[in-house]
Amino acid sequence: SLDVGDDAGAFHLAMVNQVGAAKRSLIFDAMGDAEVWNQPVLGYSYSYFNPLTRKATRTLHNASVRRSAFHLDPFKTTRASSCASIVGIAMDITYIAESSPNHRFSDGPEHDRRGQARYLYDLELDGQGRIIGGVWYTKKAPDFLWTPPPHSRPYSQSDSQAMGGWNLPRGLP
């Protein structure tokens, strides 16, 4: 489990490394409020914006603002001391949402309900361009991320009470 509520940089690194590079899903709390909803991440995309002008841009270079030039930075008192530049990010995440139970004999991705979330944040970069932190621009931000170990499967207390064989595609006897 990774607490990302106070560090948008940790969130960004987890998304691009786990979902993007490793091609493994994460579970996250999409809303970050008092209720906790574990949502599996299906995918993401992101775009840049310049934190000084708040205008969208296509390149990292045009989205990057030197910390020394960002005089009206609303987060300047909480920036990492080694922060050299700041880059704005708008990330769109698609996740699997809750769906109503049904009596189908089979299930598949075509029956999944999908949700969308957009997060606005900036990334703090050191002098070598490495991500060292980040700040959320909105109160709606995920609290945490987690992932099950590779090749694990869901198991509940009721699984041990099930009797009989499971003859697919029919349901549990």
# chains A, B, ... in the order shown; residues from 1 in each chain; ligands from 1
>>> residues_around(residues="Tyr137 (chain A)", least_positions_apart="2", cutoff="12 Å", atoms="only C-alpha atoms", output="ChimeraX atom specification")
/A:5-8,51,54,73-75,88-91,118-123,134-135,139-141
>>> closest_atom_pairs(of="region 57-147 of chain A", to="region 26-42 of chain A", cutoff="9 Å", atoms="only C-alpha atoms", output="Markdown table")
| residue | atom | partner | partner_atom | distance |
| --- | --- | --- | --- | --- |
| A:Ile93 | CA | A:Val41 | CA | 7.1 |
| A:Thr94 | CA | A:Leu42 | CA | 5.4 |
| A:Tyr95 | CA | A:Val41 | CA | 4.4 |
| A:Ile96 | CA | A:Pro40 | CA | 5.5 |
| A:Ala97 | CA | A:Gln39 | CA | 6.4 |
| A:Glu98 | CA | A:Gln39 | CA | 8.3 |
| A:Arg114 | CA | A:Leu42 | CA | 8.5 |
| A:Gln116 | CA | A:Ala30 | CA | 8.9 |
| A:Ala117 | CA | A:Ala30 | CA | 6.9 |
| A:Lys139 | CA | A:Gly32 | CA | 8.3 |
| A:Lys140 | CA | A:Met31 | CA | 5.8 |
| A:Ala141 | CA | A:Gly32 | CA | 5.4 |
| A:Pro142 | CA | A:Gly32 | CA | 4.5 |
| A:Asp143 | CA | A:Gly32 | CA | 4.8 |
| A:Phe144 | CA | A:Phe28 | CA | 5.9 |
| A:Leu145 | CA | A:Phe28 | CA | 4.5 |
| A:Trp146 | CA | A:Ile27 | CA | 5.2 |
| A:Thr147 | CA | A:Leu26 | CA | 5.0 |
>>> write_last_selection(atoms="N, CA and C atoms", output="PDB file, in the first residue's frame")
ATOM      1  N   ILE A  93      -7.924   8.721 -15.594  1.00  0.00           N
ATOM      2  CA  ILE A  93      -7.839   7.307 -15.249  1.00  0.00           C
ATOM      3  C   ILE A  93      -9.175   6.646 -15.540  1.00  0.00           C
ATOM      4  N   THR A  94      -9.130   5.485 -16.170  1.00  0.00           N
ATOM      5  CA  THR A  94     -10.304   4.643 -16.360  1.00  0.00           C
ATOM      6  C   THR A  94     -10.168   3.481 -15.388  1.00  0.00           C
ATOM      7  N   TYR A  95     -11.245   3.234 -14.645  1.00  0.00           N
ATOM      8  CA  TYR A  95     -11.224   2.163 -13.653  1.00  0.00           C
ATOM      9  C   TYR A  95     -12.496   1.339 -13.736  1.00  0.00           C
ATOM     10  N   ILE A  96     -12.458   0.163 -13.138  1.00  0.00           N
ATOM     11  CA  ILE A  96     -13.629  -0.703 -13.076  1.00  0.00           C
ATOM     12  C   ILE A  96     -14.467  -0.259 -11.881  1.00  0.00           C
ATOM     13  N   ALA A  97     -15.744   0.025 -12.142  1.00  0.00           N
ATOM     14  CA  ALA A  97     -16.664   0.484 -11.097  1.00  0.00           C
ATOM     15  C   ALA A  97     -17.590  -0.659 -10.684  1.00  0.00           C
ATOM     16  N   GLU A  98     -18.308  -0.436  -9.605  1.00  0.00           N
ATOM     17  CA  GLU A  98     -19.239  -1.439  -9.111  1.00  0.00           C
ATOM     18  C   GLU A  98     -20.363  -1.643 -10.117  1.00  0.00           C
ATOM     19  N   ARG A 114     -17.433   0.926 -16.252  1.00  0.00           N
ATOM     20  CA  ARG A 114     -16.202   1.703 -16.147  1.00  0.00           C
ATOM     21  C   ARG A 114     -16.488   3.082 -15.587  1.00  0.00           C
ATOM     22  N   GLN A 116     -14.552   7.014 -14.656  1.00  0.00           N
ATOM     23  CA  GLN A 116     -13.479   7.926 -15.094  1.00  0.00           C
ATOM     24  C   GLN A 116     -13.171   8.887 -13.957  1.00  0.00           C
ATOM     25  N   ALA A 117     -11.918   9.223 -13.824  1.00  0.00           N
ATOM     26  CA  ALA A 117     -11.491  10.246 -12.866  1.00  0.00           C
ATOM     27  C   ALA A 117     -10.409  11.087 -13.527  1.00  0.00           C
ATOM     28  N   LYS A 139      -9.003  19.083  -4.299  1.00  0.00           N
ATOM     29  CA  LYS A 139      -9.211  18.256  -3.112  1.00  0.00           C
ATOM     30  C   LYS A 139      -9.550  16.822  -3.486  1.00  0.00           C
ATOM     31  N   LYS A 140     -10.092  16.622  -4.684  1.00  0.00           N
ATOM     32  CA  LYS A 140     -10.417  15.274  -5.150  1.00  0.00           C
ATOM     33  C   LYS A 140      -9.141  14.620  -5.658  1.00  0.00           C
ATOM     34  N   ALA A 141      -8.559  13.804  -4.799  1.00  0.00           N
ATOM     35  CA  ALA A 141      -7.329  13.095  -5.147  1.00  0.00           C
ATOM     36  C   ALA A 141      -7.350  11.749  -4.434  1.00  0.00           C
ATOM     37  N   PRO A 142      -6.719  10.744  -5.014  1.00  0.00           N
ATOM     38  CA  PRO A 142      -6.714   9.431  -4.357  1.00  0.00           C
ATOM     39  C   PRO A 142      -5.933   9.456  -3.045  1.00  0.00           C
ATOM     40  N   ASP A 143      -6.380   8.626  -2.090  1.00  0.00           N
ATOM     41  CA  ASP A 143      -5.681   8.514  -0.805  1.00  0.00           C
ATOM     42  C   ASP A 143      -4.491   7.570  -0.896  1.00  0.00           C
ATOM     43  N   PHE A 144      -4.723   6.423  -1.559  1.00  0.00           N
ATOM     44  CA  PHE A 144      -3.727   5.371  -1.540  1.00  0.00           C
ATOM     45  C   PHE A 144      -3.830   4.522  -2.796  1.00  0.00           C
ATOM     46  N   LEU A 145      -2.794   3.751  -3.033  1.00  0.00           N
ATOM     47  CA  LEU A 145      -2.728   2.764  -4.112  1.00  0.00           C
ATOM     48  C   LEU A 145      -2.235   1.461  -3.492  1.00  0.00           C
ATOM     49  N   TRP A 146      -2.684   0.343  -4.026  1.00  0.00           N
ATOM     50  CA  TRP A 146      -2.129  -0.944  -3.603  1.00  0.00           C
ATOM     51  C   TRP A 146      -2.279  -1.932  -4.740  1.00  0.00           C
ATOM     52  N   THR A 147      -1.535  -3.012  -4.653  1.00  0.00           N
ATOM     53  CA  THR A 147      -1.611  -4.053  -5.658  1.00  0.00           C
ATOM     54  C   THR A 147      -1.404  -5.402  -4.991  1.00  0.00           C
TER      55      THR A 147
END
>>> select_by_dssp(residues="region 12-173 of chain A", states="alpha helix (DSSP H)", output="JSON, numbers by chain")
{"A": [12, 13, 14, 60, 61, 62, 63]}
>>> select_by_dssp(residues="region 3-138 of chain A", states="strand (DSSP E)", output="MDAnalysis selection string")
chainID A and resid 3 27:29 38:49 56:57 64:66 85:97 113:125 131:136
>>> atom_distance(atom1="CA of Phe49 (chain A)", atom2="CA of Ala22 (chain A)")
25.9 Å
>>> residues_around(residues="Ser82 (chain A)", least_positions_apart="6", cutoff="10 Å", atoms="only C-alpha atoms", output="VMD selection string")
chain A and resid 124 to 127 132 to 133
>>> residues_around(residues="Gln128 (chain A)", least_positions_apart="6", cutoff="12 Å", atoms="only C-alpha atoms", output="ChimeraX atom specification")
/A:82-85
>>> atom_distance(atom1="CA of Val19 (chain A)", atom2="CA of Tyr155 (chain A)")
23.4 Å
>>> decode(residues="region 50-65 of chain A", atoms="all heavy atoms", output="mmCIF file, in the first residue's frame")
data_model
loop_
_atom_site.group_PDB
_atom_site.id
_atom_site.type_symbol
_atom_site.label_atom_id
_atom_site.label_comp_id
_atom_site.auth_asym_id
_atom_site.auth_seq_id
_atom_site.Cartn_x
_atom_site.Cartn_y
_atom_site.Cartn_z
ATOM 1 N N ASN A 50 1.182 24.091 -18.338
ATOM 2 C CA ASN A 50 2.179 24.967 -17.737
ATOM 3 C C ASN A 50 1.602 25.481 -16.415
ATOM 4 O O ASN A 50 0.561 26.128 -16.419
ATOM 5 C CB ASN A 50 2.483 26.118 -18.693
ATOM 6 C CG ASN A 50 3.539 27.035 -18.168
ATOM 7 O OD1 ASN A 50 3.376 27.642 -17.118
ATOM 8 N ND2 ASN A 50 4.625 27.164 -18.915
ATOM 9 N N PRO A 51 2.240 25.213 -15.267
ATOM 10 C CA PRO A 51 1.676 25.638 -13.990
ATOM 11 C C PRO A 51 1.625 27.154 -13.802
ATOM 12 O O PRO A 51 0.805 27.651 -13.024
ATOM 13 C CB PRO A 51 2.589 25.005 -12.943
ATOM 14 C CG PRO A 51 3.630 24.256 -13.656
ATOM 15 C CD PRO A 51 3.436 24.423 -15.124
ATOM 16 N N LEU A 52 2.451 27.870 -14.519
ATOM 17 C CA LEU A 52 2.455 29.326 -14.416
ATOM 18 C C LEU A 52 1.273 29.935 -15.154
ATOM 19 O O LEU A 52 0.563 30.788 -14.624
ATOM 20 C CB LEU A 52 3.779 29.872 -14.976
ATOM 21 C CG LEU A 52 4.024 31.363 -14.901
ATOM 22 C CD1 LEU A 52 4.011 31.833 -13.462
ATOM 23 C CD2 LEU A 52 5.369 31.686 -15.537
ATOM 24 N N THR A 53 1.007 29.466 -16.373
ATOM 25 C CA THR A 53 -0.083 30.025 -17.188
ATOM 26 C C THR A 53 -1.364 29.206 -17.089
ATOM 27 O O THR A 53 -2.422 29.667 -17.489
ATOM 28 C CB THR A 53 0.336 30.064 -18.670
ATOM 29 O OG1 THR A 53 0.530 28.719 -19.136
ATOM 30 C CG2 THR A 53 1.595 30.887 -18.865
ATOM 31 N N ARG A 54 -1.250 27.955 -16.601
ATOM 32 C CA ARG A 54 -2.352 26.986 -16.518
ATOM 33 C C ARG A 54 -2.906 26.615 -17.898
ATOM 34 O O ARG A 54 -4.017 26.133 -18.029
ATOM 35 C CB ARG A 54 -3.492 27.473 -15.623
ATOM 36 C CG ARG A 54 -3.114 27.790 -14.201
ATOM 37 C CD ARG A 54 -2.970 26.518 -13.392
ATOM 38 N NE ARG A 54 -2.507 26.761 -12.051
ATOM 39 C CZ ARG A 54 -3.248 26.661 -10.963
ATOM 40 N NH1 ARG A 54 -4.502 26.324 -11.063
ATOM 41 N NH2 ARG A 54 -2.731 26.883 -9.786
ATOM 42 N N LYS A 55 -2.103 26.801 -18.937
ATOM 43 C CA LYS A 55 -2.512 26.447 -20.295
ATOM 44 C C LYS A 55 -1.939 25.096 -20.693
ATOM 45 O O LYS A 55 -0.784 24.786 -20.388
ATOM 46 C CB LYS A 55 -2.062 27.517 -21.289
ATOM 47 C CG LYS A 55 -2.795 28.824 -21.099
ATOM 48 C CD LYS A 55 -2.443 29.827 -22.164
ATOM 49 C CE LYS A 55 -3.246 31.106 -21.912
ATOM 50 N NZ LYS A 55 -2.947 32.129 -22.868
ATOM 51 N N ALA A 56 -2.770 24.320 -21.394
ATOM 52 C CA ALA A 56 -2.351 22.998 -21.878
ATOM 53 C C ALA A 56 -1.232 23.167 -22.901
ATOM 54 O O ALA A 56 -1.204 24.150 -23.655
ATOM 55 C CB ALA A 56 -3.532 22.270 -22.496
ATOM 56 N N THR A 57 -0.334 22.205 -22.917
ATOM 57 C CA THR A 57 0.762 22.204 -23.878
ATOM 58 C C THR A 57 1.078 20.763 -24.258
ATOM 59 O O THR A 57 0.771 19.838 -23.519
ATOM 60 C CB THR A 57 2.012 22.915 -23.304
ATOM 61 O OG1 THR A 57 3.041 22.899 -24.276
ATOM 62 C CG2 THR A 57 2.486 22.271 -22.034
ATOM 63 N N ARG A 58 1.673 20.589 -25.401
ATOM 64 C CA ARG A 58 1.954 19.232 -25.895
ATOM 65 C C ARG A 58 3.290 18.677 -25.446
ATOM 66 O O ARG A 58 3.513 17.482 -25.521
ATOM 67 C CB ARG A 58 1.902 19.223 -27.423
ATOM 68 C CG ARG A 58 0.521 19.458 -27.953
ATOM 69 C CD ARG A 58 0.550 19.469 -29.466
ATOM 70 N NE ARG A 58 -0.726 19.891 -29.985
ATOM 71 C CZ ARG A 58 -1.532 19.109 -30.665
ATOM 72 N NH1 ARG A 58 -1.193 17.887 -30.931
ATOM 73 N NH2 ARG A 58 -2.677 19.566 -31.097
ATOM 74 N N THR A 59 4.185 19.523 -24.982
ATOM 75 C CA THR A 59 5.531 19.041 -24.670
ATOM 76 C C THR A 59 5.898 19.272 -23.210
ATOM 77 O O THR A 59 5.454 20.241 -22.587
ATOM 78 C CB THR A 59 6.588 19.723 -25.553
ATOM 79 O OG1 THR A 59 6.644 21.114 -25.206
ATOM 80 C CG2 THR A 59 6.273 19.558 -27.036
ATOM 81 N N LEU A 60 6.748 18.397 -22.715
ATOM 82 C CA LEU A 60 7.270 18.541 -21.362
ATOM 83 C C LEU A 60 8.045 19.851 -21.225
ATOM 84 O O LEU A 60 7.916 20.555 -20.226
ATOM 85 C CB LEU A 60 8.171 17.340 -21.035
ATOM 86 C CG LEU A 60 8.901 17.369 -19.710
ATOM 87 C CD1 LEU A 60 7.916 17.345 -18.554
ATOM 88 C CD2 LEU A 60 9.874 16.203 -19.621
ATOM 89 N N HIS A 61 8.807 20.173 -22.235
ATOM 90 C CA HIS A 61 9.602 21.405 -22.205
ATOM 91 C C HIS A 61 8.712 22.634 -21.996
ATOM 92 O O HIS A 61 9.018 23.499 -21.174
ATOM 93 C CB HIS A 61 10.421 21.540 -23.499
ATOM 94 C CG HIS A 61 11.169 22.832 -23.585
ATOM 95 N ND1 HIS A 61 12.316 23.062 -22.860
ATOM 96 C CD2 HIS A 61 10.916 23.966 -24.285
ATOM 97 C CE1 HIS A 61 12.745 24.286 -23.119
ATOM 98 N NE2 HIS A 61 11.913 24.847 -23.980
ATOM 99 N N ASN A 62 7.607 22.738 -22.748
ATOM 100 C CA ASN A 62 6.725 23.908 -22.630
ATOM 101 C C ASN A 62 5.908 23.896 -21.343
ATOM 102 O O ASN A 62 5.376 24.932 -20.940
ATOM 103 C CB ASN A 62 5.795 23.998 -23.835
ATOM 104 C CG ASN A 62 6.534 24.378 -25.092
ATOM 105 O OD1 ASN A 62 7.613 24.960 -25.055
ATOM 106 N ND2 ASN A 62 5.965 24.030 -26.237
ATOM 107 N N ALA A 63 5.792 22.745 -20.693
ATOM 108 C CA ALA A 63 5.052 22.653 -19.438
ATOM 109 C C ALA A 63 5.936 22.914 -18.228
ATOM 110 O O ALA A 63 5.439 23.126 -17.129
ATOM 111 C CB ALA A 63 4.418 21.268 -19.308
ATOM 112 N N SER A 64 7.232 22.920 -18.427
ATOM 113 C CA SER A 64 8.179 23.062 -17.326
ATOM 114 C C SER A 64 8.431 24.526 -16.987
ATOM 115 O O SER A 64 8.705 25.336 -17.872
ATOM 116 C CB SER A 64 9.491 22.375 -17.707
ATOM 117 O OG SER A 64 10.395 22.432 -16.642
ATOM 118 N N VAL A 65 8.340 24.842 -15.702
ATOM 119 C CA VAL A 65 8.601 26.197 -15.222
ATOM 120 C C VAL A 65 9.725 26.118 -14.188
ATOM 121 O O VAL A 65 9.663 25.301 -13.253
ATOM 122 C CB VAL A 65 7.335 26.804 -14.559
ATOM 123 C CG1 VAL A 65 7.643 28.149 -13.933
ATOM 124 C CG2 VAL A 65 6.203 26.911 -15.549
#
